[in-house]
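What follows is the content of query.pdb (PDB, N, CA and C atoms and all ligand atoms).
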ATOM      1  N   MET A   1      11.784  92.760 -70.632
ATOM      2  CA  MET A   1      12.744  93.847 -70.411
ATOM      3  C   MET A   1      13.216  93.819 -68.970
ATOM      4  N   LYS A   2      14.365  94.419 -68.741
ATOM      5  CA  LYS A   2      14.977  94.305 -67.424
ATOM      6  C   LYS A   2      14.918  95.621 -66.636
ATOM      7  N   ILE A   3      14.886  95.441 -65.316
ATOM      8  CA  ILE A   3      15.055  96.581 -64.409
ATOM      9  C   ILE A   3      16.128  96.161 -63.400
ATOM     10  N   ILE A   4      17.054  97.049 -63.132
ATOM     11  CA  ILE A   4      18.083  96.760 -62.129
ATOM     12  C   ILE A   4      17.831  97.642 -60.910
ATOM     13  N   PHE A   5      17.613  96.988 -59.777
ATOM     14  CA  PHE A   5      17.409  97.702 -58.516
ATOM     15  C   PHE A   5      18.723  97.682 -57.752
ATOM     16  N   VAL A   6      19.161  98.843 -57.306
ATOM     17  CA  VAL A   6      20.378  98.924 -56.505
ATOM     18  C   VAL A   6      19.967  99.320 -55.089
ATOM     19  N   ALA A   7      20.139  98.382 -54.161
ATOM     20  CA  ALA A   7      19.736  98.627 -52.772
ATOM     21  C   ALA A   7      20.658  99.652 -52.132
ATOM     22  N   HIS A   8      20.242 100.135 -50.981
ATOM     23  CA  HIS A   8      21.020 101.147 -50.266
ATOM     24  C   HIS A   8      22.447 100.657 -49.972
ATOM     25  N   ASP A   9      22.582  99.352 -49.749
ATOM     26  CA  ASP A   9      23.922  98.799 -49.451
ATOM     27  C   ASP A   9      24.692  98.432 -50.721
ATOM     28  N   GLY A  10      24.144  98.771 -51.880
ATOM     29  CA  GLY A  10      24.863  98.532 -53.129
ATOM     30  C   GLY A  10      24.521  97.220 -53.820
ATOM     31  N   THR A  11      23.708  96.380 -53.163
ATOM     32  CA  THR A  11      23.326  95.106 -53.782
ATOM     33  C   THR A  11      22.462  95.344 -55.017
ATOM     34  N   ARG A  12      22.834  94.707 -56.113
ATOM     35  CA  ARG A  12      22.073  94.878 -57.364
ATOM     36  C   ARG A  12      21.182  93.664 -57.593
ATOM     37  N   THR A  13      19.928  93.905 -57.910
ATOM     38  CA  THR A  13      18.996  92.823 -58.220
ATOM     39  C   THR A  13      18.391  93.119 -59.580
ATOM     40  N   GLU A  14      18.509  92.147 -60.477
ATOM     41  CA  GLU A  14      17.976  92.342 -61.819
ATOM     42  C   GLU A  14      16.668  91.563 -61.937
ATOM     43  N   VAL A  15      15.616  92.215 -62.378
ATOM     44  CA  VAL A  15      14.343  91.514 -62.545
ATOM     45  C   VAL A  15      13.824  91.706 -63.963
ATOM     46  N   GLU A  16      12.956  90.807 -64.334
ATOM     47  CA  GLU A  16      12.331  90.844 -65.648
ATOM     48  C   GLU A  16      10.980  91.542 -65.496
ATOM     49  N   ALA A  17      10.678  92.512 -66.322
ATOM     50  CA  ALA A  17       9.400  93.217 -66.235
ATOM     51  C   ALA A  17       8.709  93.171 -67.588
ATOM     52  N   SER A  18       7.385  93.332 -67.574
ATOM     53  CA  SER A  18       6.657  93.344 -68.844
ATOM     54  C   SER A  18       6.207  94.750 -69.186
ATOM     55  N   GLU A  19       5.980  94.938 -70.446
ATOM     56  CA  GLU A  19       5.475  96.208 -70.970
ATOM     57  C   GLU A  19       4.203  96.598 -70.210
ATOM     58  N   GLY A  20       4.123  97.835 -69.773
ATOM     59  CA  GLY A  20       2.908  98.316 -69.113
ATOM     60  C   GLY A  20       2.897  98.108 -67.608
ATOM     61  N   GLU A  21       3.790  97.257 -67.145
ATOM     62  CA  GLU A  21       3.882  97.006 -65.709
ATOM     63  C   GLU A  21       4.617  98.187 -65.069
ATOM     64  N   SER A  22       4.299  98.503 -63.801
ATOM     65  CA  SER A  22       5.050  99.584 -63.166
ATOM     66  C   SER A  22       6.320  99.016 -62.541
ATOM     67  N   VAL A  23       7.258  99.894 -62.301
ATOM     68  CA  VAL A  23       8.523  99.489 -61.665
ATOM     69  C   VAL A  23       8.222  98.918 -60.272
ATOM     70  N   MET A  24       7.244  99.514 -59.567
ATOM     71  CA  MET A  24       6.860  98.999 -58.250
ATOM     72  C   MET A  24       6.333  97.569 -58.370
ATOM     73  N   GLN A  25       5.439  97.324 -59.332
ATOM     74  CA  GLN A  25       4.873  95.970 -59.484
ATOM     75  C   GLN A  25       5.964  94.955 -59.766
ATOM     76  N   ALA A  26       6.900  95.307 -60.619
ATOM     77  CA  ALA A  26       7.993  94.383 -60.950
ATOM     78  C   ALA A  26       8.813  94.075 -59.701
ATOM     79  N   ALA A  27       9.034  95.085 -58.868
ATOM     80  CA  ALA A  27       9.818  94.885 -57.650
ATOM     81  C   ALA A  27       9.080  93.967 -56.684
ATOM     82  N   VAL A  28       7.805  94.256 -56.455
ATOM     83  CA  VAL A  28       7.021  93.485 -55.481
ATOM     84  C   VAL A  28       6.869  92.041 -55.955
ATOM     85  N   GLN A  29       6.563  91.860 -57.235
ATOM     86  CA  GLN A  29       6.369  90.506 -57.753
ATOM     87  C   GLN A  29       7.645  89.673 -57.683
ATOM     88  N   ASN A  30       8.770  90.331 -57.712
ATOM     89  CA  ASN A  30      10.044  89.605 -57.676
ATOM     90  C   ASN A  30      10.692  89.636 -56.299
ATOM     91  N   GLY A  31       9.951  90.111 -55.316
ATOM     92  CA  GLY A  31      10.443  90.094 -53.933
ATOM     93  C   GLY A  31      11.663  90.962 -53.698
ATOM     94  N   VAL A  32      11.749  92.079 -54.420
ATOM     95  CA  VAL A  32      12.892  92.979 -54.227
ATOM     96  C   VAL A  32      12.745  93.676 -52.869
ATOM     97  N   ASP A  33      13.724  93.515 -52.026
ATOM     98  CA  ASP A  33      13.720  94.177 -50.725
ATOM     99  C   ASP A  33      13.840  95.671 -50.930
ATOM    100  N   GLY A  34      13.106  96.440 -50.156
ATOM    101  CA  GLY A  34      13.296  97.879 -50.240
ATOM    102  C   GLY A  34      12.219  98.595 -51.028
ATOM    103  N   VAL A  35      11.262  97.831 -51.590
ATOM    104  CA  VAL A  35      10.094  98.449 -52.215
ATOM    105  C   VAL A  35       8.883  97.781 -51.573
ATOM    106  N   ILE A  36       7.985  98.580 -50.996
ATOM    107  CA  ILE A  36       6.822  97.987 -50.319
ATOM    108  C   ILE A  36       5.573  98.103 -51.197
ATOM    109  N   GLY A  37       5.265  99.293 -51.642
ATOM    110  CA  GLY A  37       4.096  99.460 -52.524
ATOM    111  C   GLY A  37       2.794  99.194 -51.797
ATOM    112  N   GLU A  38       2.701  99.710 -50.592
ATOM    113  CA  GLU A  38       1.573  99.433 -49.705
ATOM    114  C   GLU A  38       0.201  99.744 -50.314
ATOM    115  N   CYS A  39       0.095 100.833 -51.042
ATOM    116  CA  CYS A  39      -1.230 101.231 -51.547
ATOM    117  C   CYS A  39      -1.546 100.579 -52.892
ATOM    118  N   GLY A  40      -0.651  99.764 -53.385
ATOM    119  CA  GLY A  40      -0.921  99.047 -54.622
ATOM    120  C   GLY A  40      -0.767  99.899 -55.876
ATOM    121  N   GLY A  41      -0.215 101.070 -55.726
ATOM    122  CA  GLY A  41       0.077 101.870 -56.919
ATOM    123  C   GLY A  41      -0.862 103.036 -57.120
ATOM    124  N   SER A  42      -1.643 103.388 -56.097
ATOM    125  CA  SER A  42      -2.584 104.499 -56.284
ATOM    126  C   SER A  42      -2.075 105.829 -55.742
ATOM    127  N   MET A  43      -0.758 105.923 -55.574
ATOM    128  CA  MET A  43      -0.127 107.181 -55.183
ATOM    129  C   MET A  43      -0.621 107.679 -53.821
ATOM    130  N   MET A  44      -0.790 106.724 -52.895
ATOM    131  CA  MET A  44      -1.317 107.071 -51.582
ATOM    132  C   MET A  44      -0.374 106.682 -50.447
ATOM    133  N   CYS A  45       0.853 106.259 -50.746
ATOM    134  CA  CYS A  45       1.657 105.768 -49.627
ATOM    135  C   CYS A  45       3.127 106.214 -49.627
ATOM    136  N   ALA A  46       3.730 106.380 -50.747
ATOM    137  CA  ALA A  46       5.159 106.724 -50.843
ATOM    138  C   ALA A  46       6.106 105.638 -50.342
ATOM    139  N   THR A  47       5.608 104.379 -50.228
ATOM    140  CA  THR A  47       6.508 103.282 -49.829
ATOM    141  C   THR A  47       7.119 102.598 -51.058
ATOM    142  N   CYS A  48       6.999 103.254 -52.199
ATOM    143  CA  CYS A  48       7.609 102.726 -53.424
ATOM    144  C   CYS A  48       8.643 103.733 -53.947
ATOM    145  N   HIS A  49       9.076 104.610 -53.047
ATOM    146  CA  HIS A  49      10.059 105.661 -53.387
ATOM    147  C   HIS A  49      11.320 105.051 -53.999
ATOM    148  N   CYS A  50      11.803 105.650 -55.066
ATOM    149  CA  CYS A  50      13.084 105.218 -55.624
ATOM    150  C   CYS A  50      13.792 106.439 -56.206
ATOM    151  N   TYR A  51      15.083 106.278 -56.441
ATOM    152  CA  TYR A  51      15.871 107.310 -57.109
ATOM    153  C   TYR A  51      16.236 106.771 -58.481
ATOM    154  N   VAL A  52      15.757 107.434 -59.507
ATOM    155  CA  VAL A  52      16.093 106.994 -60.862
ATOM    156  C   VAL A  52      17.565 107.315 -61.113
ATOM    157  N   ASP A  53      18.289 106.352 -61.655
ATOM    158  CA  ASP A  53      19.696 106.591 -61.979
ATOM    159  C   ASP A  53      19.803 107.800 -62.918
ATOM    160  N   GLU A  54      20.804 108.629 -62.663
ATOM    161  CA  GLU A  54      20.999 109.865 -63.456
ATOM    162  C   GLU A  54      20.964 109.603 -64.964
ATOM    163  N   ASP A  55      21.523 108.477 -65.376
ATOM    164  CA  ASP A  55      21.589 108.165 -66.809
ATOM    165  C   ASP A  55      20.210 107.896 -67.414
ATOM    166  N   TRP A  56      19.220 107.660 -66.562
ATOM    167  CA  TRP A  56      17.902 107.256 -67.060
ATOM    168  C   TRP A  56      16.838 108.325 -66.890
ATOM    169  N   ILE A  57      17.155 109.374 -66.190
ATOM    170  CA  ILE A  57      16.129 110.356 -65.848
ATOM    171  C   ILE A  57      15.525 110.992 -67.109
ATOM    172  N   GLY A  58      16.312 111.090 -68.154
ATOM    173  CA  GLY A  58      15.797 111.640 -69.405
ATOM    174  C   GLY A  58      14.731 110.752 -70.023
ATOM    175  N   LYS A  59      14.799 109.463 -69.743
ATOM    176  CA  LYS A  59      13.826 108.523 -70.329
ATOM    177  C   LYS A  59      12.601 108.323 -69.453
ATOM    178  N   THR A  60      12.784 108.312 -68.145
ATOM    179  CA  THR A  60      11.609 108.090 -67.273
ATOM    180  C   THR A  60      10.798 109.366 -67.156
ATOM    181  N   GLY A  61      11.445 110.496 -67.335
ATOM    182  CA  GLY A  61      10.781 111.769 -67.094
ATOM    183  C   GLY A  61      10.807 112.069 -65.605
ATOM    184  N   ARG A  62      10.365 113.259 -65.268
ATOM    185  CA  ARG A  62      10.376 113.662 -63.864
ATOM    186  C   ARG A  62       8.989 113.451 -63.266
ATOM    187  N   ARG A  63       8.939 113.593 -61.958
ATOM    188  CA  ARG A  63       7.673 113.323 -61.273
ATOM    189  C   ARG A  63       6.597 114.355 -61.605
ATOM    190  N   GLY A  64       5.361 113.903 -61.555
ATOM    191  CA  GLY A  64       4.221 114.792 -61.745
ATOM    192  C   GLY A  64       3.879 115.487 -60.442
ATOM    193  N   GLU A  65       2.869 116.356 -60.490
ATOM    194  CA  GLU A  65       2.552 117.183 -59.334
ATOM    195  C   GLU A  65       2.026 116.368 -58.141
ATOM    196  N   GLY A  66       1.068 115.498 -58.399
ATOM    197  CA  GLY A  66       0.498 114.675 -57.324
ATOM    198  C   GLY A  66       1.561 113.779 -56.725
ATOM    199  N   GLU A  67       2.437 113.321 -57.565
ATOM    200  CA  GLU A  67       3.524 112.447 -57.141
ATOM    201  C   GLU A  67       4.474 113.222 -56.219
ATOM    202  N   ALA A  68       4.746 114.462 -56.583
ATOM    203  CA  ALA A  68       5.632 115.291 -55.768
ATOM    204  C   ALA A  68       5.021 115.512 -54.382
ATOM    205  N   ASP A  69       3.701 115.733 -54.326
ATOM    206  CA  ASP A  69       3.030 115.928 -53.030
ATOM    207  C   ASP A  69       3.173 114.692 -52.164
ATOM    208  N   MET A  70       2.957 113.522 -52.785
ATOM    209  CA  MET A  70       3.039 112.272 -51.999
ATOM    210  C   MET A  70       4.463 112.010 -51.543
ATOM    211  N   LEU A  71       5.425 112.403 -52.361
ATOM    212  CA  LEU A  71       6.829 112.169 -51.986
ATOM    213  C   LEU A  71       7.216 112.936 -50.715
ATOM    214  N   GLU A  72       6.458 113.978 -50.411
ATOM    215  CA  GLU A  72       6.753 114.709 -49.169
ATOM    216  C   GLU A  72       6.584 113.814 -47.953
ATOM    217  N   CYS A  73       5.839 112.735 -48.121
ATOM    218  CA  CYS A  73       5.627 111.790 -47.007
ATOM    219  C   CYS A  73       6.655 110.663 -47.009
ATOM    220  N   ALA A  74       7.580 110.676 -47.939
ATOM    221  CA  ALA A  74       8.559 109.591 -48.020
ATOM    222  C   ALA A  74       9.438 109.565 -46.766
ATOM    223  N   ALA A  75       9.819 108.350 -46.379
ATOM    224  CA  ALA A  75      10.603 108.180 -45.150
ATOM    225  C   ALA A  75      12.055 108.633 -45.327
ATOM    226  N   SER A  76      12.572 108.506 -46.523
ATOM    227  CA  SER A  76      13.968 108.872 -46.761
ATOM    228  C   SER A  76      14.045 110.185 -47.539
ATOM    229  N   GLU A  77      15.239 110.724 -47.578
ATOM    230  CA  GLU A  77      15.490 111.998 -48.250
ATOM    231  C   GLU A  77      14.932 112.001 -49.686
ATOM    232  N   VAL A  78      14.280 113.096 -50.039
ATOM    233  CA  VAL A  78      13.790 113.240 -51.409
ATOM    234  C   VAL A  78      14.839 114.020 -52.198
ATOM    235  N   LYS A  79      15.271 113.436 -53.310
ATOM    236  CA  LYS A  79      16.297 114.067 -54.146
ATOM    237  C   LYS A  79      15.676 114.468 -55.477
ATOM    238  N   ALA A  80      16.467 115.149 -56.291
ATOM    239  CA  ALA A  80      15.962 115.587 -57.601
ATOM    240  C   ALA A  80      15.522 114.397 -58.455
ATOM    241  N   THR A  81      16.128 113.246 -58.230
ATOM    242  CA  THR A  81      15.818 112.058 -59.035
ATOM    243  C   THR A  81      14.745 111.176 -58.401
ATOM    244  N   SER A  82      14.181 111.617 -57.284
ATOM    245  CA  SER A  82      13.162 110.799 -56.592
ATOM    246  C   SER A  82      11.910 110.635 -57.436
ATOM    247  N   ARG A  83      11.400 109.406 -57.456
ATOM    248  CA  ARG A  83      10.105 109.112 -58.088
ATOM    249  C   ARG A  83       9.368 108.100 -57.237
ATOM    250  N   LEU A  84       8.061 108.023 -57.454
ATOM    251  CA  LEU A  84       7.295 106.912 -56.915
ATOM    252  C   LEU A  84       7.373 105.833 -57.992
ATOM    253  N   SER A  85       7.901 104.679 -57.635
ATOM    254  CA  SER A  85       8.138 103.672 -58.681
ATOM    255  C   SER A  85       6.836 103.124 -59.260
ATOM    256  N   CYS A  86       5.718 103.325 -58.550
ATOM    257  CA  CYS A  86       4.429 102.868 -59.108
ATOM    258  C   CYS A  86       3.986 103.766 -60.257
ATOM    259  N   GLN A  87       4.626 104.907 -60.406
ATOM    260  CA  GLN A  87       4.237 105.844 -61.463
ATOM    261  C   GLN A  87       5.177 105.772 -62.668
ATOM    262  N   ILE A  88       6.088 104.825 -62.661
ATOM    263  CA  ILE A  88       6.966 104.633 -63.834
ATOM    264  C   ILE A  88       6.505 103.369 -64.540
ATOM    265  N   GLU A  89       5.979 103.546 -65.730
ATOM    266  CA  GLU A  89       5.450 102.414 -66.473
ATOM    267  C   GLU A  89       6.507 101.897 -67.442
ATOM    268  N   MET A  90       6.689 100.591 -67.433
ATOM    269  CA  MET A  90       7.737 100.012 -68.280
ATOM    270  C   MET A  90       7.327 100.010 -69.758
ATOM    271  N   SER A  91       8.315 100.328 -70.573
ATOM    272  CA  SER A  91       8.131 100.271 -72.025
ATOM    273  C   SER A  91       9.493  99.894 -72.592
ATOM    274  N   ALA A  92       9.532  99.563 -73.868
ATOM    275  CA  ALA A  92      10.782  99.107 -74.478
ATOM    276  C   ALA A  92      11.920 100.112 -74.263
ATOM    277  N   ASP A  93      11.561 101.372 -74.239
ATOM    278  CA  ASP A  93      12.539 102.448 -74.016
ATOM    279  C   ASP A  93      13.281 102.330 -72.701
ATOM    280  N   LEU A  94      12.617 101.687 -71.738
ATOM    281  CA  LEU A  94      13.176 101.629 -70.381
ATOM    282  C   LEU A  94      13.857 100.285 -70.100
ATOM    283  N   ASP A  95      14.057  99.490 -71.132
ATOM    284  CA  ASP A  95      14.738  98.203 -70.934
ATOM    285  C   ASP A  95      16.141  98.448 -70.399
ATOM    286  N   GLY A  96      16.428  97.863 -69.237
ATOM    287  CA  GLY A  96      17.749  98.049 -68.616
ATOM    288  C   GLY A  96      17.767  99.159 -67.581
ATOM    289  N   LEU A  97      16.585  99.721 -67.283
ATOM    290  CA  LEU A  97      16.454 100.820 -66.321
ATOM    291  C   LEU A  97      17.155 100.492 -64.993
ATOM    292  N   VAL A  98      17.863 101.484 -64.477
ATOM    293  CA  VAL A  98      18.527 101.331 -63.176
ATOM    294  C   VAL A  98      17.869 102.280 -62.182
ATOM    295  N   VAL A  99      17.370 101.728 -61.076
ATOM    296  CA  VAL A  99      16.829 102.577 -60.012
ATOM    297  C   VAL A  99      17.518 102.234 -58.700
ATOM    298  N   HIS A 100      17.748 103.257 -57.917
ATOM    299  CA  HIS A 100      18.394 103.094 -56.612
ATOM    300  C   HIS A 100      17.309 103.169 -55.550
ATOM    301  N   LEU A 101      17.476 102.384 -54.502
ATOM    302  CA  LEU A 101      16.446 102.346 -53.462
ATOM    303  C   LEU A 101      16.904 103.090 -52.222
ATOM    304  N   PRO A 102      15.965 103.777 -51.575
ATOM    305  CA  PRO A 102      16.331 104.547 -50.379
ATOM    306  C   PRO A 102      16.598 103.628 -49.183
ATOM    307  N   GLU A 103      17.153 104.224 -48.158
ATOM    308  CA  GLU A 103      17.512 103.454 -46.964
ATOM    309  C   GLU A 103      16.263 102.870 -46.297
ATOM    310  N   ALA A 104      15.179 103.643 -46.288
ATOM    311  CA  ALA A 104      13.958 103.173 -45.626
ATOM    312  C   ALA A 104      12.735 103.629 -46.400
ATOM    313  N   GLN A 105      11.650 102.835 -46.282
ATOM    314  CA  GLN A 105      10.383 103.213 -46.932
ATOM    315  C   GLN A 105       9.329 103.581 -45.898
ATOM    316  N   ILE A 106       9.569 103.210 -44.636
ATOM    317  CA  ILE A 106       8.596 103.562 -43.593
ATOM    318  C   ILE A 106       9.325 104.095 -42.362
TER     319      ILE A 106
HETATM  320  S1  LIG A 201       2.711 102.129 -54.256
HETATM  321 FE1  LIG A 201       1.833 103.628 -52.979
HETATM  322  S2  LIG A 201       2.518 105.459 -53.855
HETATM  323 FE2  LIG A 201       3.440 103.963 -55.077
END
Render the structure in this file as structure tokens.
Amino acid sequence: MKIIFVAHDGTRTEVEASEGESVMQAAVQNGVDGVIGECGGSMMCATCHCYVDEDWIGKTGRRGEGEADMLECAASEVKATSRLSCQIEMSADLDGLVVHLPEAQI
């Protein structure tokens, strides 16, 4: 399944992800600029901040409580669509997911 990352400058990068993998893992494994994932997905860093495309927010769901707390440490503006990409798990439903990346992660 695919994930499309849209960088702050508008550059689109399409990567292949597997079921059960997080959006952060797919980004890091494919060398997508703009996602760091420093803590490896344990919700301790906020360097995997992303903005879920409006068209997809109904499918990814909104952030959980712990995730919202960690997002307060994000380097870039937190918007209604902000998520930690390590907390979005890929499934067939999310094939073609579009996420936008913030200007900075640190
Ligand atoms: S990778 Fe650290 S919070 Fe997502």
How far is it from atom CA of Lys2 of chain A to atom C of Ile88 of chain A, in Å with one decimal?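 A separation of 12.7 Å between them.
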Using all atoms listed in the file, which protein or nucleic acid residues are at most 5 Å from ligand LIG 201 (chain A), as a PyMOL selection string? chain A and resi 37-48+86
Can you tell me which residues surround segment 5-11 of chain A at a distance of at most 5 Å, considering all atoms listed in the file, apart from same-chain residues fewer than 4 positions away, and format the answer as a ChimeraX atom specification? /A:99-101
In Å and to one decimal, atom C of Glu19 of chain A is distant from atom C of Leu84 of chain A by 15.6 Å
List the neighbours of Val35 of chain A out to 8 Å using all atoms listed in the file; skip same-chain residues closer than 5 positions along the sequence, and give me the result as a list of chain:residue names. A:Met24, A:Ala27, A:Val28, A:Thr47, A:Cys48, A:His49, A:Cys50, A:Leu101, A:Pro102, A:Ala104, A:Gln105
Record the distance separating atom CA of Asp95 of chain A and atom CA of Ala17 of chain A, expressed in Å with one decimal.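 Between these atoms lies a distance of 8.7 Å.
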Residue neighbourhood Glu77 of chain A, 10 Å, only C-alpha atoms, exclusion window fewer than 2 positions, as a list in words: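 With the cut-off at 10 Å, the set is His49, Leu71, Glu72, Cys73, Ala74, Ala75, Lys79, Ser82, Pro102, Glu103 and Ala104 of chain A.
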Please provide the set of residues having any atom within 12 Å of Glu54 of chain A, restricted to only C-alpha atoms, with same-chain residues fewer than 3 positions apart removed, written as a PyMOL selection string. chain A and resi 51+57-62+79-82+97-100
Residue with smallest distance to Arg63 of chain A - pool A:Arg83, A:Gly34, A:Val78, A:Met90, counting only N, CA and C atoms: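 Closest to Arg63 of chain A of all the choices is A:Arg83.
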Tell me which of A:Gly64, A:Asp53, A:Gly96, A:Ser76 sits closest to Ile4 of chain A, counting only C-alpha atoms.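 Once distances to Ile4 of chain A are computed over only C-alpha atoms, the minimum belongs to A:Gly96.
Proximity of A:Gly66, A:Ser85, A:Trp56, A:Ile36 to Ser22 of chain A, computed with only N, CA and C atoms, is greatest for A:Ser85.
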From the set A:Asp55, A:Ala68, A:Gly20, A:Thr13, which residue has the shortest atom-to-atom contact distance to Val32 of chain A, counting all atoms listed in the file? A:Thr13
Report as number ranges by chain: the residues of chain A with a DSSP assignment of helix (DSSP H, G or I), based on the backbone of this structure. A: 23-29, 54-60, 65-71, 85-87, 92-94
DSSP strand (DSSP E or B) selection over chain A, as a CSV table (one decimal) with N, CA and C atoms, keeping the file's coordinate frame:
chain,number,residue,atom,x,y,z
A,2,LYS,N,14.4,94.4,-68.7
A,2,LYS,CA,15.0,94.3,-67.4
A,2,LYS,C,14.9,95.6,-66.6
A,3,ILE,N,14.9,95.4,-65.3
A,3,ILE,CA,15.1,96.6,-64.4
A,3,ILE,C,16.1,96.2,-63.4
A,4,ILE,N,17.1,97.0,-63.1
A,4,ILE,CA,18.1,96.8,-62.1
A,4,ILE,C,17.8,97.6,-60.9
A,5,PHE,N,17.6,97.0,-59.8
A,5,PHE,CA,17.4,97.7,-58.5
A,5,PHE,C,18.7,97.7,-57.8
A,6,VAL,N,19.2,98.8,-57.3
A,6,VAL,CA,20.4,98.9,-56.5
A,6,VAL,C,20.0,99.3,-55.1
A,12,ARG,N,22.8,94.7,-56.1
A,12,ARG,CA,22.1,94.9,-57.4
A,12,ARG,C,21.2,93.7,-57.6
A,13,THR,N,19.9,93.9,-57.9
A,13,THR,CA,19.0,92.8,-58.2
A,13,THR,C,18.4,93.1,-59.6
A,14,GLU,N,18.5,92.1,-60.5
A,14,GLU,CA,18.0,92.3,-61.8
A,14,GLU,C,16.7,91.6,-61.9
A,15,VAL,N,15.6,92.2,-62.4
A,15,VAL,CA,14.3,91.5,-62.5
A,15,VAL,C,13.8,91.7,-64.0
A,16,GLU,N,13.0,90.8,-64.3
A,16,GLU,CA,12.3,90.8,-65.6
A,16,GLU,C,11.0,91.5,-65.5
A,22,SER,N,4.3,98.5,-63.8
A,22,SER,CA,5.0,99.6,-63.2
A,22,SER,C,6.3,99.0,-62.5
A,49,HIS,N,9.1,104.6,-53.0
A,49,HIS,CA,10.1,105.7,-53.4
A,49,HIS,C,11.3,105.1,-54.0
A,50,CYS,N,11.8,105.6,-55.1
A,50,CYS,CA,13.1,105.2,-55.6
A,50,CYS,C,13.8,106.4,-56.2
A,51,TYR,N,15.1,106.3,-56.4
A,51,TYR,CA,15.9,107.3,-57.1
A,51,TYR,C,16.2,106.8,-58.5
A,52,VAL,N,15.8,107.4,-59.5
A,52,VAL,CA,16.1,107.0,-60.9
A,52,VAL,C,17.6,107.3,-61.1
A,82,SER,N,14.2,111.6,-57.3
A,82,SER,CA,13.2,110.8,-56.6
A,82,SER,C,11.9,110.6,-57.4
A,83,ARG,N,11.4,109.4,-57.5
A,83,ARG,CA,10.1,109.1,-58.1
A,83,ARG,C,9.4,108.1,-57.2
A,84,LEU,N,8.1,108.0,-57.5
A,84,LEU,CA,7.3,106.9,-56.9
A,84,LEU,C,7.4,105.8,-58.0
A,89,GLU,N,6.0,103.5,-65.7
A,89,GLU,CA,5.4,102.4,-66.5
A,89,GLU,C,6.5,101.9,-67.4
A,97,LEU,N,16.6,99.7,-67.3
A,97,LEU,CA,16.5,100.8,-66.3
A,97,LEU,C,17.2,100.5,-65.0
A,98,VAL,N,17.9,101.5,-64.5
A,98,VAL,CA,18.5,101.3,-63.2
A,98,VAL,C,17.9,102.3,-62.2
A,99,VAL,N,17.4,101.7,-61.1
A,99,VAL,CA,16.8,102.6,-60.0
A,99,VAL,C,17.5,102.2,-58.7
A,100,HIS,N,17.7,103.3,-57.9
A,100,HIS,CA,18.4,103.1,-56.6
A,100,HIS,C,17.3,103.2,-55.6
Return as AutoDock Vina command-line options the centre and edge lengths, in Å with one decimal, of the box along x, y and z that encloses every atom of segment 34-42 of chain A in the file, padded by 8 Å per side.
--center_x 5.4 --center_y 101.1 --center_z -53.4 --size_x 31.9 --size_y 25.4 --size_z 23.4
Copy segment 21-33 of chain A out of the block into a file, keeping N, CA and C atoms, as a CSV table (one decimal), in the first residue's frame.
chain,number,residue,atom,x,y,z
A,21,GLU,N,2.7,-1.6,9.6
A,21,GLU,CA,3.8,-0.7,9.8
A,21,GLU,C,3.3,0.7,10.1
A,22,SER,N,4.0,1.5,10.9
A,22,SER,CA,3.5,2.9,11.1
A,22,SER,C,4.0,3.8,10.0
A,23,VAL,N,3.3,4.9,9.9
A,23,VAL,CA,3.6,5.9,8.9
A,23,VAL,C,5.0,6.4,9.1
A,24,MET,N,5.4,6.6,10.4
A,24,MET,CA,6.8,7.0,10.7
A,24,MET,C,7.8,6.0,10.2
A,25,GLN,N,7.5,4.7,10.5
A,25,GLN,CA,8.5,3.6,10.0
A,25,GLN,C,8.7,3.7,8.5
A,26,ALA,N,7.6,3.8,7.8
A,26,ALA,CA,7.6,3.8,6.3
A,26,ALA,C,8.4,5.0,5.8
A,27,ALA,N,8.3,6.1,6.5
A,27,ALA,CA,9.0,7.3,6.1
A,27,ALA,C,10.5,7.1,6.4
A,28,VAL,N,10.9,6.7,7.6
A,28,VAL,CA,12.3,6.5,7.9
A,28,VAL,C,12.9,5.5,7.0
A,29,GLN,N,12.3,4.3,6.8
A,29,GLN,CA,12.9,3.3,6.0
A,29,GLN,C,13.1,3.7,4.6
A,30,ASN,N,12.3,4.7,4.1
A,30,ASN,CA,12.4,5.1,2.7
A,30,ASN,C,13.1,6.4,2.6
A,31,GLY,N,13.7,6.9,3.7
A,31,GLY,CA,14.6,8.1,3.7
A,31,GLY,C,13.8,9.3,3.4
A,32,VAL,N,12.5,9.4,3.8
A,32,VAL,CA,11.7,10.6,3.5
A,32,VAL,C,12.3,11.7,4.4
A,33,ASP,N,12.7,12.8,3.8
A,33,ASP,CA,13.1,14.0,4.5
A,33,ASP,C,12.0,14.6,5.3
